[in-house]
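For reference, the structure is listed below as structure tokens.
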Amino acid sequence: MTGWITRHVQALLFAAGRLARAPFSTAFTVLVIAIALTLPAAFGLFIDSMRNATGELASAVDMTVYFKSGTPLEQARQLAGRAREREGIANVEVISADDALKSFREQSGFGAALDALNENPLPHALVIRPKPDATSTAQIDALHRYLIAWPEVELVQVDTQWVQRLEAILDLLRRLILGTAALLGIGVLAIVGNTIRLEIWNRRAEIEVTKLVGGSNAYVRRPFLYTGLLYGLLGAGLAALLVWTALALLANPVGRLAASYGSAFALQTPSLREVGILLAIGAGLGLLGAWTAAARHLSRITPRA
Amino acid sequence: MIRFDRVSKRYPNGREALNGASFEIVAGEMVYLTGRSGAGKSTILKLIALLERPTRGIAVVNGRNTGTLPARKIPAFRRELGVVFQDHRLLTERNIFDNVALPLYAAHMPLREIDKRVRAALDQVGLLNRATALPLELSVGEQQRVGIARAVVGKPKLLIADEPTGNLDPELSADIIALFRRFNDVGVTVVIATHDIDIVRNSGLREIIVADGRIHQDSGGRESASPQLLPVMRADIGADPALRDDPGLRIEAKR
């Protein structure tokens, strides 16, 4: 066991030493890998931030029912009672015209203008919240048709349609990013594979002599696999740094923009877990790229006397 | 230690490098393999080191049939023999210590043991004080001694050398040969391919002459029935077609 560890530590140190001795070509390869990983990671996080911001809204598929003006409050209360008895309804809140006017006065800043009106122009209203398991499009449609059929009802507004549309757009974007990420991942494989391939041919003499004195294929291959792993890890580390920097720089202006629309939307910088996933993906791609190159090219090098 | 039984080797390009060669080398022997360039000496060494496999016949080295040994067992097989090359094939980017230690690294030996063995091997070839030098900082003779240290550091029972004195002047050559004899004295079987007739002639050691892919003459060996040829004749046999094709002079298989 300790021999096994020593073996791997030696191969790792050897690989790290070789990378360190060629800092420019190493930096260049790492940078290319980092850029390929940064793009999907940054956009993925951006989409995630959007989903988080819209997620709460989407789960609350509230419906507002406006009664025709002149409908008495008593009747509105009765209808609220009827709505409550319907299946799939979580909560029904009655908002009287007076309450509505009061809160509108407080929030809108049109207080003086409202004072100029001699009567309350607002109708009574109900805010109906379906149960979370009754928010499918068909169910919402059925509820909408049921409510609009009441003769006292003027308008039923489903406030969350735009949220659903946004959701759909975000979903589409996420798929696009997944596709792009897959392509760029293949790119990383190719970069690492090609770098390792060149490295193998550059060190041909050394590989031959090592095989000649009894080095097994695994022994010869190991430093190359570690080289690929290090490329992947370094590239992913740099990508995490780039993503973090970019999002941290954007967070402030995006926050101000969102605040001006009254939204609490905030760009999220990558969490430790997300950085971990990025590093794992980078390491995996590096290792896989190195493995394919080593499998293809090392066996072609046979010692000559 | 080594037994070739009617071994032939045909390369993919169609060249028949070896054609029914038979000989046996027992443990503890020191043998010279001679003959002109292209006669088949190198092929015999390649077959011993399992760099090539025989096309026909059976070659047994160190108790292993080289025709059937699975590829995954070749590394372990090679660790049991030491190989010295004419161009010594040192890694120019690594220092002498690392060059000599290479077979031990490949054998996954503990570092402390590697240190001990490499120092012992360098001491045997008289280069202990150059452990941290790079190969190109050494003279040609010293480089060859590093190559020998690398070949013996794994304490092999069999040491093979391909033209180890090819690039050296007579004095250095004698040094190198003396080194091989020292290893032979402690029980290592040594096979040296050379065309340096002077070295062979004065050694009193067994000589296997290869010509045209066949064992032309074997001065030793258990069943050697070949009459001793005069050295002068021996040198000319490969060149003269009349002599080469003379059935009386063609001493082939032992059995």
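By convention in this document, the chains of the structure tokens carry letters A, B, ... by their order, each chain's residues are numbered from 1, and ligands are numbered from 1 in the order they are shown.
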Per residue of chain A within 6 Å of chain B, what are the shortest atom pair and its distance in Å to one decimal, counting only C-alpha atoms, with rows by chain and residue number, as a Markdown table?
| residue | atom | partner | partner_atom | distance |
| --- | --- | --- | --- | --- |
| A:Val213 | CA | B:Pro103 | CA | 5.2 |
| A:Gly214 | CA | B:Pro75 | CA | 4.0 |
| A:Gly215 | CA | B:Ala106 | CA | 4.6 |
| A:Ser216 | CA | B:Pro75 | CA | 5.2 |
Keeping N, CA and C atoms, export the residues of the selection given above as a short mmCIF file (atom, residue, chain, number, x, y, z; two decimals), in the first residue's frame.
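Final output, saved to again10.cif:
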data_model
loop_
_atom_site.label_atom_id
_atom_site.label_comp_id
_atom_site.auth_asym_id
_atom_site.auth_seq_id
_atom_site.Cartn_x
_atom_site.Cartn_y
_atom_site.Cartn_z
N VAL A 213 14.50 -1.36 -19.98
CA VAL A 213 15.03 -1.82 -18.69
C VAL A 213 13.92 -2.38 -17.81
N GLY A 214 12.76 -2.68 -18.42
CA GLY A 214 11.74 -3.40 -17.67
C GLY A 214 10.63 -2.55 -17.10
N GLY A 215 10.47 -1.33 -17.61
CA GLY A 215 9.33 -0.52 -17.17
C GLY A 215 8.05 -1.04 -17.80
N SER A 216 7.05 -1.28 -16.97
CA SER A 216 5.78 -1.79 -17.51
C SER A 216 5.03 -0.65 -18.20
#
Next on the checklist: Residues of range 35-186 of chain A classed as strand (DSSP E or B) by DSSP on the backbone are to be reported as an MDAnalysis selection string.
Outcome noted: chainID A and resid 63:67 89:95 125:130 153:158
Since we have the selection now, will you write its residues out, keeping C-alpha atoms, as a JSON list (two decimals), in the first residue's frame?
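Output (out-v9.json):
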[["chain", "number", "residue", "atom", "x", "y", "z"],
["A", 63, "MET", "CA", -54.92, 34.58, -9.40],
["A", 64, "THR", "CA", -56.59, 37.87, -8.80],
["A", 65, "VAL", "CA", -60.38, 38.06, -9.30],
["A", 66, "TYR", "CA", -61.77, 41.59, -9.81],
["A", 67, "PHE", "CA", -65.50, 42.02, -9.28],
["A", 89, "ILE", "CA", -57.45, 25.81, -3.45],
["A", 90, "ALA", "CA", -54.95, 26.64, -0.76],
["A", 91, "ASN", "CA", -56.10, 30.06, 0.29],
["A", 92, "VAL", "CA", -58.58, 32.77, -0.65],
["A", 93, "GLU", "CA", -58.09, 36.28, 0.55],
["A", 94, "VAL", "CA", -60.76, 38.97, 0.28],
["A", 95, "ILE", "CA", -59.42, 42.44, -0.48],
["A", 125, "ALA", "CA", -61.12, 41.58, -5.26],
["A", 126, "LEU", "CA", -60.11, 38.06, -4.30],
["A", 127, "VAL", "CA", -56.58, 36.72, -4.33],
["A", 128, "ILE", "CA", -56.79, 32.98, -4.89],
["A", 129, "ARG", "CA", -53.79, 30.75, -4.37],
["A", 130, "PRO", "CA", -54.07, 27.18, -5.66],
["A", 153, "VAL", "CA", -66.69, 38.88, -12.03],
["A", 154, "GLU", "CA", -65.18, 41.50, -14.28],
["A", 155, "LEU", "CA", -61.67, 40.14, -14.78],
["A", 156, "VAL", "CA", -59.52, 37.21, -13.70],
["A", 157, "GLN", "CA", -55.83, 37.86, -13.94],
["A", 158, "VAL", "CA", -53.23, 35.09, -13.87]]
Item to check | Residue with smallest distance to Asp175 in chain B - pool B:Leu69, B:Val152, B:Leu205, B:Val125, counting only C-alpha atoms | outcome: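 Going through B:Leu69, B:Val152, B:Leu205, B:Val125 one by one, the smallest distance to Asp175 in chain B is for B:Val125.
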Next on the checklist: Need the shell around range 267-283 of chain A: protein/DNA/RNA residues with any atom at most 9 Å away, counting only C-alpha atoms. Skip same-chain ones fewer than 4 positions apart. Format as a PyMOL selection string?
Outcome noted: chain A and resi 33-34+37+41-42+45-46+48-50+185+188+228-237+239-240+243-248+250-252+254-255+287-288
Item to check | Coordinates-based distance that separates CA of Ile114 in chain B from CA of Gln10 in chain A (Å, one decimal) | outcome: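 Interatomic distance, CA of Gln10 in chain A to CA of Ile114 in chain B: 13.7 Å.
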Item to check | Residue among A:Thr135, A:Arg84, A:Leu73, A:Ala113 lying closest to Ala97 in chain A, counting only C-alpha atoms | outcome: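 Among the listed residues, the smallest separation from Ala97 in chain A belongs to A:Leu73.
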Checklist entry - Using the chain letters and numbers from this document, which residues of range 72-303 of chain A does DSSP assign to helix (DSSP H, G or I), as a PyMOL selection string? => result chain A and resi 73-85+97-108+111-115+132-134+137-148+161-202+204-212+217-260+272-300
Item to check | Contact residues around range 170-181 of chain A with only C-alpha atoms at 7 Å, ignoring same-chain residues under 4 positions, as a list of chain:residue names | outcome: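 So the residues in contact are A:Pro40, A:Gly44, A:Ile47, A:Leu166, A:Gly185.
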Restrict the selected residues to N, CA and C atoms and save them as a PDB file, in the first residue's frame.
ATOM      1  N   PRO A  40     -19.074  28.013 -20.449  1.00  0.00           N
ATOM      2  CA  PRO A  40     -20.302  27.349 -19.980  1.00  0.00           C
ATOM      3  C   PRO A  40     -20.535  27.516 -18.490  1.00  0.00           C
ATOM      4  N   GLY A  44     -23.862  29.129 -17.134  1.00  0.00           N
ATOM      5  CA  GLY A  44     -24.659  28.218 -16.312  1.00  0.00           C
ATOM      6  C   GLY A  44     -25.026  28.858 -14.983  1.00  0.00           C
ATOM      7  N   ILE A  47     -27.658  31.599 -15.491  1.00  0.00           N
ATOM      8  CA  ILE A  47     -29.004  31.031 -15.660  1.00  0.00           C
ATOM      9  C   ILE A  47     -29.535  30.558 -14.310  1.00  0.00           C
ATOM     10  N   LEU A 166     -40.789  33.005 -19.022  1.00  0.00           N
ATOM     11  CA  LEU A 166     -39.377  33.195 -18.699  1.00  0.00           C
ATOM     12  C   LEU A 166     -38.721  31.849 -18.363  1.00  0.00           C
ATOM     13  N   GLY A 185     -16.275  20.673 -23.909  1.00  0.00           N
ATOM     14  CA  GLY A 185     -15.642  19.568 -23.182  1.00  0.00           C
ATOM     15  C   GLY A 185     -14.857  18.671 -24.125  1.00  0.00           C
TER      16      GLY A 185
END
Next on the checklist: Quick check, in Å to one decimal: how far apart do CA of Thr210 in chain A and CA of Asp196 in chain B lie?
Outcome noted: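 These two atoms are separated by 28.7 Å.
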Next on the checklist: Using Å and a single decimal, report how far CA of Ile207 in chain A sits from CA of Ala294 in chain A.
Outcome noted: 11.7 Å
Checklist entry - If we count only C-alpha atoms, what is near Ala11 in chain A at a cut-off of 7 Å, once residues fewer than 2 positions away on the same chain are taken out, given as an NGL selection string? => result :A and (7-9 or 13-15 or 222-223 or 226)
Write the residues of the selection above to a file with C-alpha atoms, as a PDB file, in the first residue's frame.
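again26.pdb was written with the following content:
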ATOM      1  CA  ARG A   7       4.665   5.163  -6.827  1.00  0.00           C
ATOM      2  CA  HIS A   8       1.812   7.568  -7.479  1.00  0.00           C
ATOM      3  CA  VAL A   9       3.333  10.436  -5.532  1.00  0.00           C
ATOM      4  CA  LEU A  13       5.803  14.973  -8.656  1.00  0.00           C
ATOM      5  CA  PHE A  14       7.548  13.993 -11.865  1.00  0.00           C
ATOM      6  CA  ALA A  15       4.616  15.250 -13.945  1.00  0.00           C
ATOM      7  CA  ARG A 222       1.459   6.993 -15.212  1.00  0.00           C
ATOM      8  CA  PRO A 223       3.333  10.333 -15.466  1.00  0.00           C
ATOM      9  CA  TYR A 226      -0.881  12.780 -14.073  1.00  0.00           C
TER      10      TYR A 226
END
Checklist entry - Excluding same-chain residues fewer than 3 positions from range 182-193 of chain B, what lies within 8 Å of it counting only C-alpha atoms, as number ranges by chain? => result B: 1, 26-34, 41-42, 45, 156-164, 178-179
Go ahead and dump the residues you just picked, C-alpha atoms, as a PDB file, in the first residue's frame.
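Saved file result_1.pdb follows:
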ATOM      1  CA  MET B   1      20.649 -19.895 -19.132  1.00  0.00           C
ATOM      2  CA  VAL B  26      24.970 -22.257 -19.470  1.00  0.00           C
ATOM      3  CA  ALA B  27      24.795 -20.184 -16.299  1.00  0.00           C
ATOM      4  CA  GLY B  28      28.086 -18.557 -15.338  1.00  0.00           C
ATOM      5  CA  GLU B  29      29.563 -18.626 -18.848  1.00  0.00           C
ATOM      6  CA  MET B  30      31.097 -15.647 -20.616  1.00  0.00           C
ATOM      7  CA  VAL B  31      30.639 -15.847 -24.368  1.00  0.00           C
ATOM      8  CA  TYR B  32      31.564 -13.710 -27.348  1.00  0.00           C
ATOM      9  CA  LEU B  33      29.220 -13.487 -30.283  1.00  0.00           C
ATOM     10  CA  THR B  34      31.143 -12.497 -33.395  1.00  0.00           C
ATOM     11  CA  LYS B  41      24.572 -11.061 -33.964  1.00  0.00           C
ATOM     12  CA  SER B  42      22.222  -8.207 -33.186  1.00  0.00           C
ATOM     13  CA  LEU B  45      20.736 -10.304 -28.841  1.00  0.00           C
ATOM     14  CA  PRO B 156      20.668  -9.642 -13.124  1.00  0.00           C
ATOM     15  CA  LYS B 157      21.879 -13.193 -13.621  1.00  0.00           C
ATOM     16  CA  LEU B 158      22.376 -12.496 -17.320  1.00  0.00           C
ATOM     17  CA  LEU B 159      24.183  -9.564 -18.878  1.00  0.00           C
ATOM     18  CA  ILE B 160      24.127  -8.978 -22.635  1.00  0.00           C
ATOM     19  CA  ALA B 161      26.107  -6.318 -24.453  1.00  0.00           C
ATOM     20  CA  ASP B 162      25.918  -5.169 -28.069  1.00  0.00           C
ATOM     21  CA  GLU B 163      29.276  -3.841 -29.274  1.00  0.00           C
ATOM     22  CA  PRO B 164      30.095  -2.325 -25.877  1.00  0.00           C
ATOM     23  CA  ALA B 178      37.807  -6.290 -17.582  1.00  0.00           C
ATOM     24  CA  LEU B 179      34.671  -4.905 -15.986  1.00  0.00           C
TER      25      LEU B 179
END
Item to check | For Glu207 in chain B, the nearest of the candidates B:Phe4, B:Glu24, B:Ala17, B:Gly57, counting only C-alpha atoms | outcome: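 Using only C-alpha atoms, Glu207 in chain B sits closest to B:Glu24.
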Checklist entry - For Val146 in chain B, which residue among B:Phe180, B:Tyr11, B:Phe97, B:Phe23 is the nearest when counting only C-alpha atoms? => result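 Closest residue, counting only C-alpha atoms: B:Phe97.
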List the spatial neighbours of Thr66 in chain B as a JSON list (two decimals) with C-alpha atoms, in the first residue's frame - criterion: any atom at most 8 Å away, only C-alpha atoms, same-chain residues fewer than 2 positions off excluded.
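Once written, result-v1.json looks like this:
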[["chain", "number", "residue", "atom", "x", "y", "z"],
["B", 47, "LEU", "CA", 15.81, -12.33, -29.37],
["B", 48, "ILE", "CA", 17.54, -12.82, -26.01],
["B", 50, "LEU", "CA", 12.83, -10.19, -26.16],
["B", 53, "ARG", "CA", 10.28, -12.93, -30.98],
["B", 54, "PRO", "CA", 11.51, -15.89, -33.04],
["B", 58, "ILE", "CA", 12.47, -22.18, -29.71],
["B", 59, "ALA", "CA", 14.50, -19.69, -27.72],
["B", 60, "VAL", "CA", 14.56, -20.18, -23.96],
["B", 61, "VAL", "CA", 16.14, -17.44, -21.85],
["B", 64, "ARG", "CA", 11.26, -18.51, -20.19],
["B", 68, "THR", "CA", 5.20, -17.63, -25.94],
["B", 69, "LEU", "CA", 5.84, -15.31, -22.99]]
